Amino acid sequence: YPDGISSFPAKGKLYIDTLYLVANPSTVTSFFGEPDTQRITRDNPNLSYKLRKLSWSREKQNFFIGINYPWHNYGWDVGRNPYGEPANSGWSSREKQLRDDFTLFKESFGEFLGPIRIYLFFDLRTGLNYTNNQLTGFDTYVRKDIETMLRIAGETGVKLNLVLFDFGIADGQGAPGQGDHPEIIFSSDKYNFLKNLMIPLLQDMERWDNQYGNPVFALELMNEPENMAALIIPGYFQSLKVWFKDLTNIIHNETSFKVTLGSHSIVDMQKWWSDIDIDIWQFHFYNYMAYEHDQVPQQLLRENIKLPGMIFCGEMQPSNLSWNIDTLKKNGYSGILPWSFNQNDGYRLKDTKEFQEIVDWVQKNSTKTNELKEVK
């Protein structure tokens with residue numbers, strides 16, 4: 001581990017320091033392109049950001065329970081329907097669903113209410129406009145869908161953890177009709193994407209956040225980037241980290257948003273990303289990952305992780321939830337977001353006894369069981 005970063009007796013998912021035998025690296029580079037490690041931003045002193053960090057460090061931290069509400073349709077909740085009609089099939093067409101579910105979360109979690117983790121661009125199977133094979137902007141529905149999410153969140157009084165991208169944006173698995181845009185991370189195309197598309201969008205998101213009562217909890221750079229297969233090839237991990245640093249700088253320069261990153265595990269969180277200006281640290285845990293750990297991460301004391309700021313579990317398998325909540329709270333973590341409310345992947349929480357278990361825990365531990373209030 002780097003100096004100053006506490007080691008944890010486990011092995012994470014990403015083994016950059018292990019020798020890999022790659023039969024034909026040129027096959028990888030032919031798909032992903034040669035990795036570009038040039039920076040497009042400078043790490044100049046940012047006084048406004050430093051003052052915000054100082055202010056954040058003085059905020060009272062209450063333990064929170066949020067939830068993963070990742071998508072209605074994977075890949076096309078934001079942007080034009082890539083599969084036909086109706087063209088507008090994203091969140092701006094589902095306002096009632098958002099309002100009803102956000103209201104349910106607020107009423108269910110009461111004074112422990114934490115962020116709702118929800119995705120924006122996924123693998124970019126939609127949302128992009130091209131002219132003569134040149135990327136020229138986001139499509140007409142992108143801003144409409146994102147503004148709707150922020151507006152409904154503001155009106156219902158919840159906070160959103162907005163996941164900008166999923167690792168599927170460059171995992172080499174894109175089939176026809178699915179995403180895969182490694183060029184906007186690993187090639188010089190990133191200059192156009194970050195400068196001409198992301199900066200104006202982030203500026204609009206900052207404006208909407210202010211307009212609708214600051215419903216943004218944080219912007220998440222990516223979900224589980226450790227799952228990108230290309231990272232085992234020399235140069236790609238460095239290129240991805242450069243991209244994260246540039247995107248983080250842009251967020252901090254253009255907005256007042258906090259930055260998080262959805263790391264695959266508590267090990268990866270510490271080992272690979274500690275030199276990025278992340279404001280809120282996040283790890284994920286499922287029971288099948290226990291083999292990676294000599295002890296489950298919930299039992300590691302927060303104070304023994306030498307990273308500044310909040311640390312929360314951004315994805316937790318919804319089993320033994322009362323114990324997991326109690327253990328994370330007791331050991332000093334900031335919160336927990338079980339996976340997930342609305343997905344049919346074996347972990348669905350909607351209308352289940354597991355969701356009721358969370359509600360029962362909230363009622364049992366609330367200061368005013370019958371008069372729950374929202375945590376600002």
# chains A, B, ... in the order shown; residues from 1 in each chain; ligands from 1

call {"tool": "select_by_dssp", "arguments": {"residues": "range 170-286 of chain A", "states": "helix (DSSP H, G or I)", "output": "PyMOL selection string"}}
result
chain A and resi 170+183-186+189-211+225-227+229-232+236-254+266-272

call {"tool": "closest_atom_pairs", "arguments": {"of": "range 82-199 of chain A", "to": "range 37-60 of chain A", "cutoff": "10 Å", "atoms": "only C-alpha atoms", "output": "Markdown table"}}
result
| residue | atom | partner | partner_atom | distance |
| --- | --- | --- | --- | --- |
| A:Ile185 | CA | A:Thr37 | CA | 9.7 |
| A:Phe186 | CA | A:Thr37 | CA | 7.7 |
| A:Ser187 | CA | A:Thr37 | CA | 8.5 |
| A:Ser188 | CA | A:Gln38 | CA | 8.5 |
| A:Lys190 | CA | A:Ile40 | CA | 8.7 |
| A:Tyr191 | CA | A:Ile40 | CA | 6.8 |
| A:Leu194 | CA | A:Ile40 | CA | 8.8 |
| A:Lys195 | CA | A:Ile40 | CA | 8.7 |

call {"tool": "closest_atom_pairs", "arguments": {"of": "range 27-127 of chain A", "to": "range 345-359 of chain A", "cutoff": "12 Å", "atoms": "only C-alpha atoms", "output": "tab-separated table"}}
result
residue	atom	partner	partner_atom	distance
A:Phe64	CA	A:Ile358	CA	11.6
A:Ile65	CA	A:Ile358	CA	8.5
A:Gly66	CA	A:Ile358	CA	10.1
A:Ile67	CA	A:Leu349	CA	9.5
A:Asn68	CA	A:Leu349	CA	9.6
A:Tyr69	CA	A:Leu349	CA	10.0
A:Pro70	CA	A:Arg348	CA	11.4
A:Asp101	CA	A:Lys350	CA	9.9
A:Leu104	CA	A:Lys350	CA	10.6
A:Phe105	CA	A:Val359	CA	9.6
A:Lys106	CA	A:Val359	CA	10.9
A:Glu107	CA	A:Val359	CA	9.3
A:Ser108	CA	A:Val359	CA	5.7
A:Phe109	CA	A:Val359	CA	6.4
A:Gly110	CA	A:Val359	CA	8.9
A:Glu111	CA	A:Val359	CA	11.4
A:Phe112	CA	A:Val359	CA	10.2
A:Leu113	CA	A:Val359	CA	10.8

call {"tool": "atom_distance", "arguments": {"atom1": "CA of Lys96 in chain A", "atom2": "CA of Trp208 in chain A"}}
result
19.4 Å

call {"tool": "closest_residue", "arguments": {"among": "A:Phe285, A:Trp273, A:Phe193, A:Phe63", "to": "Gly137 in chain A", "atoms": "only C-alpha atoms"}}
result
A:Phe193

call {"tool": "select_by_dssp", "arguments": {"residues": "range 133-195 of chain A", "states": "strand (DSSP E)", "output": "PyMOL selection string"}}
result
chain A and resi 134-138+160-163

call {"tool": "write_last_selection", "arguments": {"atoms": "N, CA and C atoms", "output": "compact mmCIF listing (two decimals), in the first residue's frame"}}
result
# COMPACT_ATOMS: atom_id res chain seq x y z
N GLN A 134 -18.39 12.65 -35.83
CA GLN A 134 -17.75 13.46 -34.81
C GLN A 134 -18.74 13.73 -33.67
N LEU A 135 -18.29 13.49 -32.44
CA LEU A 135 -19.14 13.74 -31.28
C LEU A 135 -19.36 15.24 -31.12
N THR A 136 -20.63 15.64 -31.12
CA THR A 136 -20.93 17.08 -31.10
C THR A 136 -21.70 17.52 -29.86
N GLY A 137 -22.24 16.59 -29.10
CA GLY A 137 -22.97 17.01 -27.91
C GLY A 137 -23.85 15.91 -27.37
N PHE A 138 -24.62 16.23 -26.32
CA PHE A 138 -25.61 15.31 -25.79
C PHE A 138 -26.92 15.47 -26.55
N LEU A 160 -29.57 12.98 -3.78
CA LEU A 160 -29.19 12.04 -4.81
C LEU A 160 -27.68 11.88 -4.89
N ASN A 161 -27.23 10.63 -4.89
CA ASN A 161 -25.86 10.28 -5.25
C ASN A 161 -25.89 9.90 -6.73
N LEU A 162 -25.43 10.80 -7.59
CA LEU A 162 -25.55 10.63 -9.04
C LEU A 162 -24.33 9.92 -9.60
N VAL A 163 -24.53 8.71 -10.09
CA VAL A 163 -23.45 7.92 -10.68
C VAL A 163 -23.29 8.34 -12.13

call {"tool": "residues_around", "arguments": {"residues": "Lys245 in chain A", "least_positions_apart": "2", "cutoff": "9 Å", "atoms": "only C-alpha atoms", "output": "list in words"}}
result
Arg39, Thr41, Asp43, Leu240, Lys241, Val242, Trp243, Leu247, Thr248, Asn249, Ile250, Asp275, Ile276 and Asp277 of chain A

call {"tool": "residues_around", "arguments": {"residues": "Cys313 in chain A", "least_positions_apart": "3", "cutoff": "7 Å", "atoms": "only C-alpha atoms", "output": "count of residues only"}}
result
7

call {"tool": "residues_around", "arguments": {"residues": "Asn73 in chain A", "least_positions_apart": "3", "cutoff": "12 Å", "atoms": "only C-alpha atoms", "output": "PyMOL selection string"}}
result
chain A and resi 69-70+76-83+89-91+94+118-122+125-126+342-344

call {"tool": "write_last_selection", "arguments": {"atoms": "N, CA and C atoms", "output": "compact mmCIF listing (two decimals), in the first residue's frame"}}
result
# COMPACT_ATOMS: atom_id res chain seq x y z
N TYR A 69 -31.18 2.93 -6.05
CA TYR A 69 -32.34 3.02 -6.94
C TYR A 69 -31.74 3.26 -8.33
N PRO A 70 -30.97 2.28 -8.83
CA PRO A 70 -30.01 2.58 -9.90
C PRO A 70 -30.62 2.94 -11.24
N TRP A 76 -30.62 3.68 -20.44
CA TRP A 76 -31.38 4.68 -21.18
C TRP A 76 -32.45 5.37 -20.33
N ASP A 77 -32.13 5.61 -19.06
CA ASP A 77 -32.97 6.48 -18.23
C ASP A 77 -32.67 7.95 -18.50
N VAL A 78 -31.51 8.22 -19.08
CA VAL A 78 -31.11 9.58 -19.44
C VAL A 78 -30.72 9.57 -20.91
N GLY A 79 -31.47 10.30 -21.72
CA GLY A 79 -31.20 10.33 -23.15
C GLY A 79 -32.30 9.66 -23.96
N ARG A 80 -32.18 9.75 -25.26
CA ARG A 80 -33.17 9.20 -26.20
C ARG A 80 -33.22 7.68 -26.09
N ASN A 81 -34.40 7.12 -26.20
CA ASN A 81 -34.58 5.67 -26.25
C ASN A 81 -33.78 5.11 -27.43
N PRO A 82 -32.76 4.29 -27.21
CA PRO A 82 -31.94 3.80 -28.32
C PRO A 82 -32.59 2.66 -29.09
N TYR A 83 -33.76 2.21 -28.63
CA TYR A 83 -34.39 1.04 -29.24
C TYR A 83 -35.69 1.37 -29.97
N SER A 89 -38.23 8.18 -23.22
CA SER A 89 -38.57 7.07 -22.31
C SER A 89 -37.79 7.14 -21.01
N GLY A 90 -37.05 8.23 -20.81
CA GLY A 90 -36.23 8.37 -19.61
C GLY A 90 -37.02 8.92 -18.44
N TRP A 91 -36.27 9.46 -17.47
CA TRP A 91 -36.91 9.89 -16.21
C TRP A 91 -37.89 11.05 -16.43
N ARG A 94 -41.24 9.73 -16.53
CA ARG A 94 -41.64 8.90 -15.39
C ARG A 94 -41.64 9.71 -14.09
N ILE A 118 -28.37 6.72 -7.84
CA ILE A 118 -29.06 6.57 -9.11
C ILE A 118 -28.11 6.93 -10.25
N TYR A 119 -28.18 6.20 -11.34
CA TYR A 119 -27.23 6.34 -12.44
C TYR A 119 -27.69 7.37 -13.47
N LEU A 120 -26.69 7.97 -14.14
CA LEU A 120 -26.97 8.88 -15.25
C LEU A 120 -26.63 8.23 -16.59
N PHE A 121 -25.34 8.08 -16.91
CA PHE A 121 -24.95 7.71 -18.27
C PHE A 121 -24.61 6.24 -18.48
N PHE A 122 -24.46 5.47 -17.45
CA PHE A 122 -24.22 4.04 -17.62
C PHE A 122 -23.04 3.79 -18.56
N ARG A 125 -24.80 3.99 -24.05
CA ARG A 125 -25.46 3.41 -25.22
C ARG A 125 -26.40 4.42 -25.86
N THR A 126 -26.72 5.48 -25.12
CA THR A 126 -27.51 6.57 -25.67
C THR A 126 -27.04 7.87 -25.03
N ASN A 342 -35.15 -1.59 -6.79
CA ASN A 342 -36.00 -1.84 -7.96
C ASN A 342 -35.40 -2.75 -9.01
N GLN A 343 -34.38 -3.57 -8.66
CA GLN A 343 -33.77 -4.43 -9.66
C GLN A 343 -34.15 -5.89 -9.46
N ASN A 344 -34.41 -6.59 -10.56
CA ASN A 344 -34.77 -8.01 -10.50
C ASN A 344 -33.52 -8.87 -10.68

call {"tool": "atom_distance", "arguments": {"atom1": "CA of Phe341 in chain A", "atom2": "CA of Val158 in chain A"}}
result
15.4 Å

call {"tool": "atom_distance", "arguments": {"atom1": "CA of Thr260 in chain A", "atom2": "CA of Ile116 in chain A"}}
result
13.6 Å

call {"tool": "closest_residue", "arguments": {"among": "A:Ala218, A:Ser265, A:Phe167, A:Met198", "to": "Asp246 in chain A", "atoms": "only C-alpha atoms"}}
result
A:Met198

call {"tool": "closest_residue", "arguments": {"among": "A:Tyr74, A:Trp339, A:Tyr236, A:Tyr333", "to": "Leu301 in chain A", "atoms": "only C-alpha atoms"}}
result
A:Tyr333
